[in-house]
>>> print(open('data03.csv').read())   # CSV, C-alpha atoms
chain,number,residue,atom,x,y,z
A,1,MET,CA,-107.3,-202.2,-103.2
A,2,PRO,CA,-105.9,-202.7,-106.7
A,3,GLU,CA,-103.2,-205.3,-107.0
A,4,GLY,CA,-102.0,-207.5,-109.9
A,5,ASP,CA,-105.1,-209.8,-109.8
A,6,THR,CA,-107.4,-206.7,-109.8
A,7,VAL,CA,-105.8,-205.3,-112.9
A,8,TRP,CA,-105.8,-208.7,-114.6
A,9,ARG,CA,-109.6,-208.8,-114.1
A,10,GLN,CA,-109.9,-205.2,-115.3
A,11,ALA,CA,-108.1,-206.1,-118.5
A,12,ARG,CA,-110.4,-209.0,-119.1
A,13,LEU,CA,-113.4,-206.8,-118.5
A,14,LEU,CA,-112.3,-204.3,-121.1
A,15,SER,CA,-111.5,-207.1,-123.5
A,16,LYS,CA,-115.0,-208.5,-123.2
A,17,ALA,CA,-116.5,-205.1,-123.8
A,18,LEU,CA,-114.2,-203.7,-126.5
A,19,LEU,CA,-112.1,-206.4,-128.2
A,20,GLY,CA,-112.4,-206.3,-132.0
A,21,LYS,CA,-114.9,-203.3,-131.9
A,22,VAL,CA,-114.6,-199.9,-133.5
A,23,LEU,CA,-114.7,-196.9,-131.2
A,24,ASN,CA,-117.6,-194.6,-131.9
A,25,SER,CA,-115.8,-191.9,-129.9
A,26,SER,CA,-113.3,-191.3,-127.2
A,27,ASP,CA,-113.3,-188.6,-124.6
A,28,PHE,CA,-110.1,-188.0,-122.7
A,29,ARG,CA,-110.6,-185.8,-119.7
A,30,VAL,CA,-107.0,-185.0,-118.8
A,31,PRO,CA,-105.3,-181.9,-120.2
A,32,ALA,CA,-102.5,-183.6,-122.0
A,33,LEU,CA,-105.0,-185.7,-124.1
A,34,ALA,CA,-108.0,-183.4,-124.3
A,35,THR,CA,-107.7,-182.9,-128.1
A,36,LEU,CA,-107.1,-186.6,-128.9
A,37,ASP,CA,-109.9,-188.4,-130.8
A,38,LEU,CA,-109.6,-192.1,-131.3
A,39,GLY,CA,-113.0,-192.4,-132.9
A,40,GLY,CA,-112.9,-195.0,-135.7
A,41,ALA,CA,-110.0,-196.9,-134.1
A,42,THR,CA,-110.3,-200.7,-133.6
A,43,VAL,CA,-109.5,-202.2,-130.2
A,44,GLU,CA,-107.0,-205.0,-130.8
A,45,SER,CA,-106.1,-206.1,-127.2
A,46,SER,CA,-106.5,-205.5,-123.5
A,47,ASP,CA,-103.6,-206.7,-121.3
A,48,SER,CA,-102.2,-206.3,-117.9
A,49,ARG,CA,-98.5,-206.0,-116.9
A,50,GLY,CA,-98.2,-206.2,-113.2
A,51,LYS,CA,-100.4,-203.3,-112.0
A,52,HIS,CA,-100.4,-201.6,-115.4
A,53,LEU,CA,-103.3,-201.9,-118.0
A,54,LEU,CA,-102.5,-201.6,-121.7
A,55,LEU,CA,-105.4,-201.2,-124.2
A,56,THR,CA,-104.2,-201.4,-127.8
A,57,VAL,CA,-106.1,-199.7,-130.6
A,58,ARG,CA,-105.3,-199.1,-134.3
A,59,ARG,CA,-106.6,-196.4,-136.5
A,60,ALA,CA,-107.3,-197.3,-140.1
A,61,GLY,CA,-104.1,-197.2,-142.1
A,62,SER,CA,-102.1,-196.1,-139.1
A,63,GLU,CA,-99.9,-197.5,-136.4
A,64,GLU,CA,-101.0,-199.0,-133.1
A,65,LEU,CA,-101.5,-196.8,-130.1
A,66,ILE,CA,-101.6,-198.0,-126.5
A,67,ILE,CA,-103.9,-196.4,-123.8
A,68,HIS,CA,-101.8,-197.0,-120.7
A,69,SER,CA,-103.4,-196.7,-117.3
A,70,HIS,CA,-102.6,-197.4,-113.7
A,71,LEU,CA,-105.3,-197.6,-111.1
A,72,LYS,CA,-103.0,-196.4,-108.2
A,73,MET,CA,-105.2,-196.5,-105.0
A,74,GLU,CA,-108.7,-195.4,-106.2
A,75,GLY,CA,-108.9,-196.0,-109.9
A,76,ILE,CA,-111.3,-198.4,-111.6
A,77,TRP,CA,-112.6,-199.2,-115.1
A,78,GLN,CA,-116.3,-199.8,-115.4
A,79,VAL,CA,-118.6,-200.9,-118.3
A,80,TYR,CA,-122.1,-199.6,-118.9
A,81,LEU,CA,-124.9,-200.0,-121.3
A,82,PRO,CA,-125.5,-196.9,-123.5
A,83,GLY,CA,-127.6,-194.6,-121.4
A,84,GLU,CA,-127.1,-196.4,-118.2
A,85,ARG,CA,-126.5,-194.3,-115.1
A,86,TRP,CA,-122.8,-194.2,-113.9
A,87,ARG,CA,-122.1,-195.6,-110.5
A,88,ARG,CA,-119.3,-193.1,-109.9
A,89,PRO,CA,-119.4,-189.2,-110.1
A,90,ALA,CA,-118.9,-187.9,-113.6
A,91,HIS,CA,-116.2,-185.5,-112.5
A,92,THR,CA,-113.9,-188.4,-111.6
A,93,ALA,CA,-114.1,-189.9,-115.1
A,94,ARG,CA,-110.7,-189.6,-116.8
A,95,VAL,CA,-111.6,-191.3,-120.1
A,96,VAL,CA,-114.8,-192.4,-121.8
A,97,LEU,CA,-114.7,-194.9,-124.7
A,98,LYS,CA,-117.9,-195.7,-126.6
A,99,VAL,CA,-118.7,-198.6,-128.9
A,100,PRO,CA,-122.2,-199.4,-130.2
A,101,ASP,CA,-123.2,-201.6,-127.3
A,102,ALA,CA,-121.2,-200.3,-124.4
A,103,VAL,CA,-119.7,-197.3,-122.7
A,104,VAL,CA,-116.4,-197.9,-120.9
A,105,VAL,CA,-115.3,-195.4,-118.3
A,106,GLY,CA,-112.0,-195.1,-116.5
A,107,PHE,CA,-112.5,-193.3,-113.1
A,108,SER,CA,-109.8,-191.8,-110.9
A,109,LEU,CA,-107.0,-193.3,-112.9
A,110,GLY,CA,-103.6,-192.6,-111.3
A,111,ILE,CA,-101.9,-192.7,-114.7
A,112,LEU,CA,-103.5,-192.2,-118.1
A,113,GLU,CA,-101.5,-191.7,-121.3
A,114,VAL,CA,-101.5,-192.7,-124.9
A,115,LEU,CA,-98.2,-194.2,-126.2
A,116,SER,CA,-96.7,-195.8,-129.2
A,117,PRO,CA,-95.8,-199.5,-128.6
A,118,GLU,CA,-92.1,-198.5,-128.5
A,119,GLN,CA,-92.8,-195.8,-125.9
A,120,ALA,CA,-94.8,-198.3,-123.8
A,121,GLU,CA,-92.1,-200.9,-123.9
A,122,THR,CA,-89.5,-198.3,-122.8
A,123,GLU,CA,-91.7,-197.0,-120.0
A,124,LEU,CA,-92.5,-200.4,-118.6
A,125,ALA,CA,-89.0,-201.9,-119.1
A,126,PHE,CA,-88.3,-201.5,-115.4
A,127,LEU,CA,-90.9,-204.0,-114.4
A,128,GLY,CA,-89.7,-207.4,-113.0
A,129,PRO,CA,-91.3,-210.7,-114.0
A,130,ASP,CA,-95.1,-210.4,-114.1
A,131,LEU,CA,-96.7,-212.9,-111.7
A,132,LEU,CA,-99.7,-213.3,-114.0
A,133,GLY,CA,-97.8,-212.9,-117.3
A,134,THR,CA,-97.2,-215.6,-119.9
A,135,ASP,CA,-93.5,-215.0,-119.5
A,136,TRP,CA,-93.4,-215.4,-115.7
A,137,ASP,CA,-89.8,-216.3,-114.6
A,138,ALA,CA,-89.6,-217.4,-111.0
A,139,ASN,CA,-85.8,-217.7,-111.1
A,140,GLU,CA,-85.4,-214.1,-112.3
A,141,ALA,CA,-87.7,-212.9,-109.6
A,142,ILE,CA,-85.6,-214.7,-106.9
A,143,ARG,CA,-82.4,-213.4,-108.4
A,144,ARG,CA,-83.7,-209.8,-108.2
A,145,LEU,CA,-84.8,-210.2,-104.6
A,146,GLU,CA,-81.5,-211.7,-103.6
A,147,SER,CA,-79.5,-208.9,-105.3
A,148,ASP,CA,-80.1,-206.7,-102.2
A,149,PRO,CA,-80.1,-209.0,-99.1
A,150,GLU,CA,-80.1,-206.2,-96.6
A,151,ARG,CA,-83.3,-204.7,-97.9
A,152,PRO,CA,-86.4,-205.3,-95.8
A,153,VAL,CA,-88.5,-208.0,-97.5
A,154,GLY,CA,-91.7,-206.0,-97.2
A,155,ILE,CA,-90.1,-203.2,-99.2
A,156,ALA,CA,-88.6,-205.6,-101.7
A,157,LEU,CA,-91.9,-207.3,-102.4
A,158,LEU,CA,-93.6,-203.9,-103.2
A,159,ASP,CA,-90.8,-203.0,-105.6
A,160,GLN,CA,-92.2,-203.7,-109.0
A,161,ARG,CA,-88.7,-204.0,-110.4
A,162,ASN,CA,-88.3,-207.3,-108.5
A,163,LEU,CA,-91.6,-208.9,-109.4
A,164,ALA,CA,-94.7,-207.2,-110.8
A,165,GLY,CA,-98.2,-207.4,-109.3
A,166,ILE,CA,-97.8,-207.4,-105.5
A,167,GLY,CA,-99.4,-204.6,-103.4
A,168,ASN,CA,-99.7,-204.0,-99.7
A,169,ILE,CA,-102.3,-206.8,-99.1
A,170,TYR,CA,-100.2,-209.5,-100.6
A,171,ARG,CA,-96.9,-208.4,-99.1
A,172,ASN,CA,-98.5,-208.6,-95.6
A,173,GLU,CA,-100.1,-212.0,-96.3
A,174,LEU,CA,-96.9,-213.4,-97.8
A,175,CYS,CA,-94.8,-212.3,-94.9
A,176,PHE,CA,-97.2,-214.0,-92.5
A,177,LEU,CA,-97.1,-217.2,-94.6
A,178,VAL,CA,-93.3,-217.5,-94.5
A,179,ARG,CA,-93.2,-216.3,-90.8
A,180,VAL,CA,-91.3,-213.1,-91.1
A,181,ARG,CA,-92.2,-209.5,-90.5
A,182,PRO,CA,-92.0,-207.0,-93.4
A,183,GLN,CA,-89.1,-205.4,-91.6
A,184,HIS,CA,-86.9,-208.6,-91.9
A,185,PRO,CA,-84.1,-208.3,-94.4
A,186,VAL,CA,-84.4,-210.4,-97.5
A,187,GLY,CA,-81.3,-212.3,-96.5
A,188,ALA,CA,-83.1,-213.5,-93.4
A,189,VAL,CA,-85.9,-215.2,-95.4
A,190,SER,CA,-84.9,-218.9,-95.2
A,191,ASP,CA,-86.8,-220.0,-98.3
A,192,LEU,CA,-87.1,-217.3,-101.0
A,193,PRO,CA,-88.2,-219.8,-103.6
A,194,ARG,CA,-91.2,-220.7,-101.5
A,195,LEU,CA,-92.0,-217.1,-100.9
A,196,VAL,CA,-92.0,-216.4,-104.7
A,197,ASP,CA,-94.0,-219.6,-105.4
A,198,LEU,CA,-96.6,-218.6,-102.8
A,199,ALA,CA,-96.9,-215.1,-104.5
A,200,LYS,CA,-97.5,-216.7,-107.8
A,201,ARG,CA,-100.0,-219.2,-106.4
A,202,LEU,CA,-102.0,-216.6,-104.5
A,203,LEU,CA,-102.4,-214.3,-107.4
A,204,GLU,CA,-103.3,-217.1,-109.8
A,205,ALA,CA,-105.9,-218.4,-107.3
A,206,ASN,CA,-107.5,-215.0,-106.9
A,207,LYS,CA,-107.4,-213.6,-110.4
A,208,THR,CA,-110.8,-214.9,-111.3
A,209,ARG,CA,-112.4,-214.4,-107.8
A,210,PRO,CA,-114.6,-211.4,-107.3
A,211,GLN,CA,-113.6,-211.4,-103.6
A,212,ARG,CA,-109.9,-211.9,-102.8
A,213,ASN,CA,-109.1,-214.8,-100.3
A,214,THR,CA,-105.6,-215.7,-99.2
A,215,THR,CA,-106.5,-218.2,-96.5
A,216,GLY,CA,-107.9,-220.8,-98.8
A,217,THR,CA,-111.0,-221.3,-96.6
A,218,ALA,CA,-114.6,-220.4,-97.2
A,219,GLY,CA,-116.2,-218.0,-94.7
A,220,ARG,CA,-116.0,-214.5,-93.5
A,221,VAL,CA,-112.3,-214.4,-92.8
A,222,SER,CA,-110.5,-214.0,-96.1
A,223,ALA,CA,-107.1,-212.8,-94.9
A,224,TRP,CA,-104.5,-214.1,-92.4
A,225,VAL,CA,-103.4,-210.7,-91.1
A,226,TYR,CA,-104.3,-207.8,-93.5
A,227,GLY,CA,-106.9,-205.5,-92.0
A,228,ARG,CA,-107.3,-207.7,-88.9
A,229,GLU,CA,-105.6,-205.6,-86.2
A,230,HIS,CA,-106.6,-206.6,-82.6
A,231,GLN,CA,-108.2,-209.8,-83.9
A,232,PRO,CA,-106.9,-213.3,-83.0
A,233,CYS,CA,-104.3,-214.9,-85.3
A,234,LEU,CA,-105.9,-217.8,-87.2
A,235,ARG,CA,-102.8,-219.9,-86.3
A,236,CYS,CA,-102.0,-219.2,-82.6
A,237,GLY,CA,-104.7,-216.8,-81.3
A,238,SER,CA,-102.4,-213.9,-80.5
A,239,HIS,CA,-103.8,-210.5,-81.4
A,240,ILE,CA,-102.7,-209.2,-84.8
A,241,ILE,CA,-100.7,-205.9,-84.6
A,242,ARG,CA,-100.9,-203.0,-87.1
A,243,GLU,CA,-98.1,-200.5,-87.5
A,244,GLU,CA,-97.1,-197.8,-89.9
A,245,TYR,CA,-94.0,-198.7,-91.8
A,246,GLU,CA,-92.4,-196.6,-94.6
A,247,GLY,CA,-95.7,-194.7,-95.0
A,248,ARG,CA,-98.0,-197.8,-95.3
A,249,PRO,CA,-99.7,-200.1,-92.8
A,250,ILE,CA,-98.2,-203.5,-92.0
A,251,TYR,CA,-100.0,-206.3,-90.1
A,252,TYR,CA,-98.3,-209.2,-88.4
A,253,CYS,CA,-98.7,-211.8,-85.6
A,254,PRO,CA,-96.1,-211.1,-82.9
A,255,HIS,CA,-95.9,-214.9,-82.1
A,256,CYS,CA,-95.9,-216.4,-85.6
A,257,GLN,CA,-93.7,-213.6,-87.0
A,258,PRO,CA,-91.0,-213.0,-84.3
A,259,ALA,CA,-89.2,-209.6,-84.3
A,260,PRO,CA,-86.1,-209.4,-86.4
A,261,GLU,CA,-82.9,-209.9,-84.5
A,262,SER,CA,-81.0,-206.6,-83.8
>>> encode(input="data03.csv", output="C-alpha cells")
Amino acid sequence: MPEGDTVWRQARLLSKALLGKVLNSSDFRVPALATLDLGGATVESSDSRGKHLLLTVRRAGSEELIIHSHLKMEGIWQVYLPGERWRRPAHTARVVLKVPDAVVVGFSLGILEVLSPEQAETELAFLGPDLLGTDWDANEAIRRLESDPERPVGIALLDQRNLAGIGNIYRNELCFLVRVRPQHPVGAVSDLPRLVDLAKRLLEANKTRPQRNTTGTAGRVSAWVYGREHQPCLRCGSHIIREEYEGRPIYYCPHCQPAPES
C-alpha cells in the first residue's frame, strides 16, 4: 500500500533512471494530456511531497514543467530496459517516458497532470509538514493536530493537511504504539510529541527498506496490528480486532488500546 516511504522510494527510482537525461519521447495515456509531447525535455529532478511525486523537466529554451502524480491505492512507477516485457498490463499504463537506456512507465496512477511550478505549489499548498522532507517541522505538525482536539486521532493522522505521508498502515501502527484506538479524540492522546516523533522515525527507518517493518524486529511479523486480525498481540497475547471505520479498516488490540471513554 503506497504511503510516504513508498513514494519517497519511487522518486529515487525515477531519479536514478532519468535524472539529467533527455527524453526521447513521452506518451501520456490520459485524455487531458494525450497531445502533449515532452520529447527533447531534460529531466531535472524527481522528488516526493508526502504521497505526491513531482518529476521536473525542462524543454530547451523553455520554462520548467512538473509531471505530478499520486499513486492512490494501486499506482506504481516501474523502470524497464528498452524492449523488456512489462510486468503490468499495458492498458493500465498512464504514461510512458523513454530515454536511451530505459523505459519508465507509470501504471494505474490515481492522479497524473502536468503543471507549471507555480501551479504545483498552489495545488500542494494544503499539505502539512512532510515527514520525509528536508523542511520537516515537528512543532508545526503538533500544532495542526492540536487545532482540533475533538477529532478522532485516526482521522487526523490520515489528513495530509496535518502531516504529509501517513496512510492507513502507519495510522494503525502509530495508534497501537501510543496505546490509543483510532477512534480516540486527539485531545485524549497524552503525548502528541511522542506520536509525531514516532511517525517521523518509522517513515525514516522504512524509506530505504524494500519490505516495511514497524516492529523493529527481524522475522515474519513486520507489523504490530495492521493486517493481523485474530492473531495474538505481540505485547499481551490478546487477539487483534479488525473493524471498518470511516470507510477504511482499523486494527487494534482491545487490551493494549482500551476503548475510548464515553
>>> residues_around(input="data03.csv", residues="A:Glu229", least_positions_apart="5", cutoff="10 Å", atoms="all atoms listed in the file", output="compact mmCIF listing (two decimals) with C-alpha atoms, in the coordinates of the input")
# COMPACT_ATOMS: atom_id res chain seq x y z
CA HIS A 239 -103.80 -210.50 -81.40
CA ILE A 240 -102.70 -209.20 -84.80
CA ILE A 241 -100.70 -205.90 -84.60
CA ARG A 242 -100.90 -203.00 -87.10
CA GLU A 243 -98.10 -200.50 -87.50
CA ILE A 250 -98.20 -203.50 -92.00
CA TYR A 251 -100.00 -206.30 -90.10
CA TYR A 252 -98.30 -209.20 -88.40
CA CYS A 253 -98.70 -211.80 -85.60
>>> residues_near_point(input="data03.csv", point="(-80.9, -215.0, -106.8)", cutoff="12 Å", atoms="only C-alpha atoms", output="MDAnalysis selection string")
chainID A and resid 137:149 162 186:187 191:193 196
>>> atom_distance(input="data03.csv", atom1="atom CA of A:Gly237", atom2="atom CA of A:Pro182")
20.1 Å
>>> residues_around(input="data03.csv", residues="A:Gly50", least_positions_apart="2", cutoff="9 Å", atoms="only C-alpha atoms", output="PyMOL selection string")
chain A and resi 3-5+7-8+48+52-53+127-133+160+163-166
>>> atom_distance(input="data03.csv", atom1="atom CA of A:Lys51", atom2="atom CA of A:Arg228")
24.5 Å
>>> atom_distance(input="data03.csv", atom1="atom CA of A:Ser108", atom2="atom CA of A:Gly167")
18.1 Å
>>> closest_residue(input="data03.csv", among="A:Leu198, A:Ile67, A:Leu124, A:Val104", to="A:Val79", atoms="all atoms listed in the file")
A:Val104
>>> build_atoms(input="data03.csv", residues="stretch 209-245 of chain A", atoms="N, CA and C atoms", output="PDB file, keeping the file's coordinate frame")
ATOM      1  N   ARG A 209    -111.442-214.497-108.939  1.00  0.00           N
ATOM      2  CA  ARG A 209    -112.400-214.400-107.800  1.00  0.00           C
ATOM      3  C   ARG A 209    -112.865-212.950-107.663  1.00  0.00           C
ATOM      4  N   PRO A 210    -114.158-212.741-107.504  1.00  0.00           N
ATOM      5  CA  PRO A 210    -114.600-211.400-107.300  1.00  0.00           C
ATOM      6  C   PRO A 210    -114.236-210.867-105.880  1.00  0.00           C
ATOM      7  N   GLN A 211    -113.998-211.805-104.935  1.00  0.00           N
ATOM      8  CA  GLN A 211    -113.600-211.400-103.600  1.00  0.00           C
ATOM      9  C   GLN A 211    -112.272-212.129-103.264  1.00  0.00           C
ATOM     10  N   ARG A 212    -111.229-211.353-103.009  1.00  0.00           N
ATOM     11  CA  ARG A 212    -109.900-211.900-102.800  1.00  0.00           C
ATOM     12  C   ARG A 212    -109.909-212.753-101.470  1.00  0.00           C
ATOM     13  N   ASN A 213    -109.243-213.909-101.507  1.00  0.00           N
ATOM     14  CA  ASN A 213    -109.100-214.800-100.300  1.00  0.00           C
ATOM     15  C   ASN A 213    -107.739-215.377-100.330  1.00  0.00           C
ATOM     16  N   THR A 214    -106.995-215.135 -99.249  1.00  0.00           N
ATOM     17  CA  THR A 214    -105.600-215.700 -99.200  1.00  0.00           C
ATOM     18  C   THR A 214    -105.499-216.806 -98.172  1.00  0.00           C
ATOM     19  N   THR A 215    -106.570-217.136 -97.463  1.00  0.00           N
ATOM     20  CA  THR A 215    -106.500-218.200 -96.500  1.00  0.00           C
ATOM     21  C   THR A 215    -106.855-219.564 -97.052  1.00  0.00           C
ATOM     22  N   GLY A 216    -107.517-219.577 -98.193  1.00  0.00           N
ATOM     23  CA  GLY A 216    -107.900-220.800 -98.800  1.00  0.00           C
ATOM     24  C   GLY A 216    -109.095-221.497 -98.154  1.00  0.00           C
ATOM     25  N   THR A 217    -109.786-220.780 -97.273  1.00  0.00           N
ATOM     26  CA  THR A 217    -111.000-221.300 -96.600  1.00  0.00           C
ATOM     27  C   THR A 217    -112.169-220.473 -96.876  1.00  0.00           C
ATOM     28  N   ALA A 218    -113.314-221.104 -96.971  1.00  0.00           N
ATOM     29  CA  ALA A 218    -114.600-220.400 -97.200  1.00  0.00           C
ATOM     30  C   ALA A 218    -114.985-219.740 -95.840  1.00  0.00           C
ATOM     31  N   GLY A 219    -115.723-218.670 -95.930  1.00  0.00           N
ATOM     32  CA  GLY A 219    -116.200-218.000 -94.700  1.00  0.00           C
ATOM     33  C   GLY A 219    -115.900-216.547 -94.712  1.00  0.00           C
ATOM     34  N   ARG A 220    -116.099-215.939 -93.564  1.00  0.00           N
ATOM     35  CA  ARG A 220    -116.000-214.500 -93.500  1.00  0.00           C
ATOM     36  C   ARG A 220    -114.566-213.997 -93.386  1.00  0.00           C
ATOM     37  N   VAL A 221    -113.636-214.831 -92.894  1.00  0.00           N
ATOM     38  CA  VAL A 221    -112.300-214.400 -92.800  1.00  0.00           C
ATOM     39  C   VAL A 221    -111.493-214.751 -94.032  1.00  0.00           C
ATOM     40  N   SER A 222    -111.134-213.737 -94.797  1.00  0.00           N
ATOM     41  CA  SER A 222    -110.500-214.000 -96.100  1.00  0.00           C
ATOM     42  C   SER A 222    -109.040-213.609 -96.127  1.00  0.00           C
ATOM     43  N   ALA A 223    -108.484-213.162 -94.989  1.00  0.00           N
ATOM     44  CA  ALA A 223    -107.100-212.800 -94.900  1.00  0.00           C
ATOM     45  C   ALA A 223    -106.490-213.295 -93.597  1.00  0.00           C
ATOM     46  N   TRP A 224    -105.209-213.619 -93.631  1.00  0.00           N
ATOM     47  CA  TRP A 224    -104.500-214.100 -92.400  1.00  0.00           C
ATOM     48  C   TRP A 224    -104.285-212.899 -91.456  1.00  0.00           C
ATOM     49  N   VAL A 225    -103.750-211.793 -91.958  1.00  0.00           N
ATOM     50  CA  VAL A 225    -103.400-210.700 -91.100  1.00  0.00           C
ATOM     51  C   VAL A 225    -103.906-209.328 -91.605  1.00  0.00           C
ATOM     52  N   TYR A 226    -103.968-209.147 -92.914  1.00  0.00           N
ATOM     53  CA  TYR A 226    -104.300-207.800 -93.500  1.00  0.00           C
ATOM     54  C   TYR A 226    -105.652-207.338 -93.004  1.00  0.00           C
ATOM     55  N   GLY A 227    -105.685-206.136 -92.436  1.00  0.00           N
ATOM     56  CA  GLY A 227    -106.900-205.500 -92.000  1.00  0.00           C
ATOM     57  C   GLY A 227    -107.523-206.172 -90.740  1.00  0.00           C
ATOM     58  N   ARG A 228    -106.753-206.994 -90.030  1.00  0.00           N
ATOM     59  CA  ARG A 228    -107.300-207.700 -88.900  1.00  0.00           C
ATOM     60  C   ARG A 228    -106.650-207.308 -87.561  1.00  0.00           C
ATOM     61  N   GLU A 229    -106.255-206.050 -87.436  1.00  0.00           N
ATOM     62  CA  GLU A 229    -105.600-205.600 -86.200  1.00  0.00           C
ATOM     63  C   GLU A 229    -106.553-205.848 -85.001  1.00  0.00           C
ATOM     64  N   HIS A 230    -105.948-206.298 -83.906  1.00  0.00           N
ATOM     65  CA  HIS A 230    -106.600-206.600 -82.600  1.00  0.00           C
ATOM     66  C   HIS A 230    -107.450-207.899 -82.693  1.00  0.00           C
ATOM     67  N   GLN A 231    -107.516-208.531 -83.838  1.00  0.00           N
ATOM     68  CA  GLN A 231    -108.200-209.800 -83.900  1.00  0.00           C
ATOM     69  C   GLN A 231    -107.284-210.965 -83.723  1.00  0.00           C
ATOM     70  N   PRO A 232    -107.812-212.145 -83.318  1.00  0.00           N
ATOM     71  CA  PRO A 232    -106.900-213.300 -83.000  1.00  0.00           C
ATOM     72  C   PRO A 232    -106.302-213.861 -84.299  1.00  0.00           C
ATOM     73  N   CYS A 233    -105.034-214.214 -84.193  1.00  0.00           N
ATOM     74  CA  CYS A 233    -104.300-214.900 -85.300  1.00  0.00           C
ATOM     75  C   CYS A 233    -105.035-216.231 -85.538  1.00  0.00           C
ATOM     76  N   LEU A 234    -105.193-216.562 -86.802  1.00  0.00           N
ATOM     77  CA  LEU A 234    -105.900-217.800 -87.200  1.00  0.00           C
ATOM     78  C   LEU A 234    -104.996-219.028 -86.876  1.00  0.00           C
ATOM     79  N   ARG A 235    -103.707-218.822 -86.605  1.00  0.00           N
ATOM     80  CA  ARG A 235    -102.800-219.900 -86.300  1.00  0.00           C
ATOM     81  C   ARG A 235    -102.686-220.131 -84.773  1.00  0.00           C
ATOM     82  N   CYS A 236    -102.392-219.019 -84.058  1.00  0.00           N
ATOM     83  CA  CYS A 236    -102.000-219.200 -82.600  1.00  0.00           C
ATOM     84  C   CYS A 236    -102.926-218.455 -81.670  1.00  0.00           C
ATOM     85  N   GLY A 237    -103.786-217.552 -82.146  1.00  0.00           N
ATOM     86  CA  GLY A 237    -104.700-216.800 -81.300  1.00  0.00           C
ATOM     87  C   GLY A 237    -104.176-215.512 -80.741  1.00  0.00           C
ATOM     88  N   SER A 238    -102.882-215.203 -80.965  1.00  0.00           N
ATOM     89  CA  SER A 238    -102.400-213.900 -80.500  1.00  0.00           C
ATOM     90  C   SER A 238    -103.047-212.787 -81.334  1.00  0.00           C
ATOM     91  N   HIS A 239    -103.108-211.601 -80.742  1.00  0.00           N
ATOM     92  CA  HIS A 239    -103.800-210.500 -81.400  1.00  0.00           C
ATOM     93  C   HIS A 239    -102.869-209.926 -82.526  1.00  0.00           C
ATOM     94  N   ILE A 240    -103.464-209.724 -83.696  1.00  0.00           N
ATOM     95  CA  ILE A 240    -102.700-209.200 -84.800  1.00  0.00           C
ATOM     96  C   ILE A 240    -102.413-207.683 -84.519  1.00  0.00           C
ATOM     97  N   ILE A 241    -101.198-207.271 -84.887  1.00  0.00           N
ATOM     98  CA  ILE A 241    -100.700-205.900 -84.600  1.00  0.00           C
ATOM     99  C   ILE A 241    -100.665-205.149 -85.976  1.00  0.00           C
ATOM    100  N   ARG A 242    -101.059-203.890 -85.909  1.00  0.00           N
ATOM    101  CA  ARG A 242    -100.900-203.000 -87.100  1.00  0.00           C
ATOM    102  C   ARG A 242     -99.968-201.884 -86.720  1.00  0.00           C
ATOM    103  N   GLU A 243     -99.048-201.602 -87.635  1.00  0.00           N
ATOM    104  CA  GLU A 243     -98.100-200.500 -87.500  1.00  0.00           C
ATOM    105  C   GLU A 243     -97.970-199.762 -88.797  1.00  0.00           C
ATOM    106  N   GLU A 244     -97.513-198.526 -88.715  1.00  0.00           N
ATOM    107  CA  GLU A 244     -97.100-197.800 -89.900  1.00  0.00           C
ATOM    108  C   GLU A 244     -95.677-198.049 -90.203  1.00  0.00           C
ATOM    109  N   TYR A 245     -95.389-198.392 -91.450  1.00  0.00           N
ATOM    110  CA  TYR A 245     -94.000-198.700 -91.800  1.00  0.00           C
ATOM    111  C   TYR A 245     -93.737-198.167 -93.214  1.00  0.00           C
TER     112      TYR A 245
END
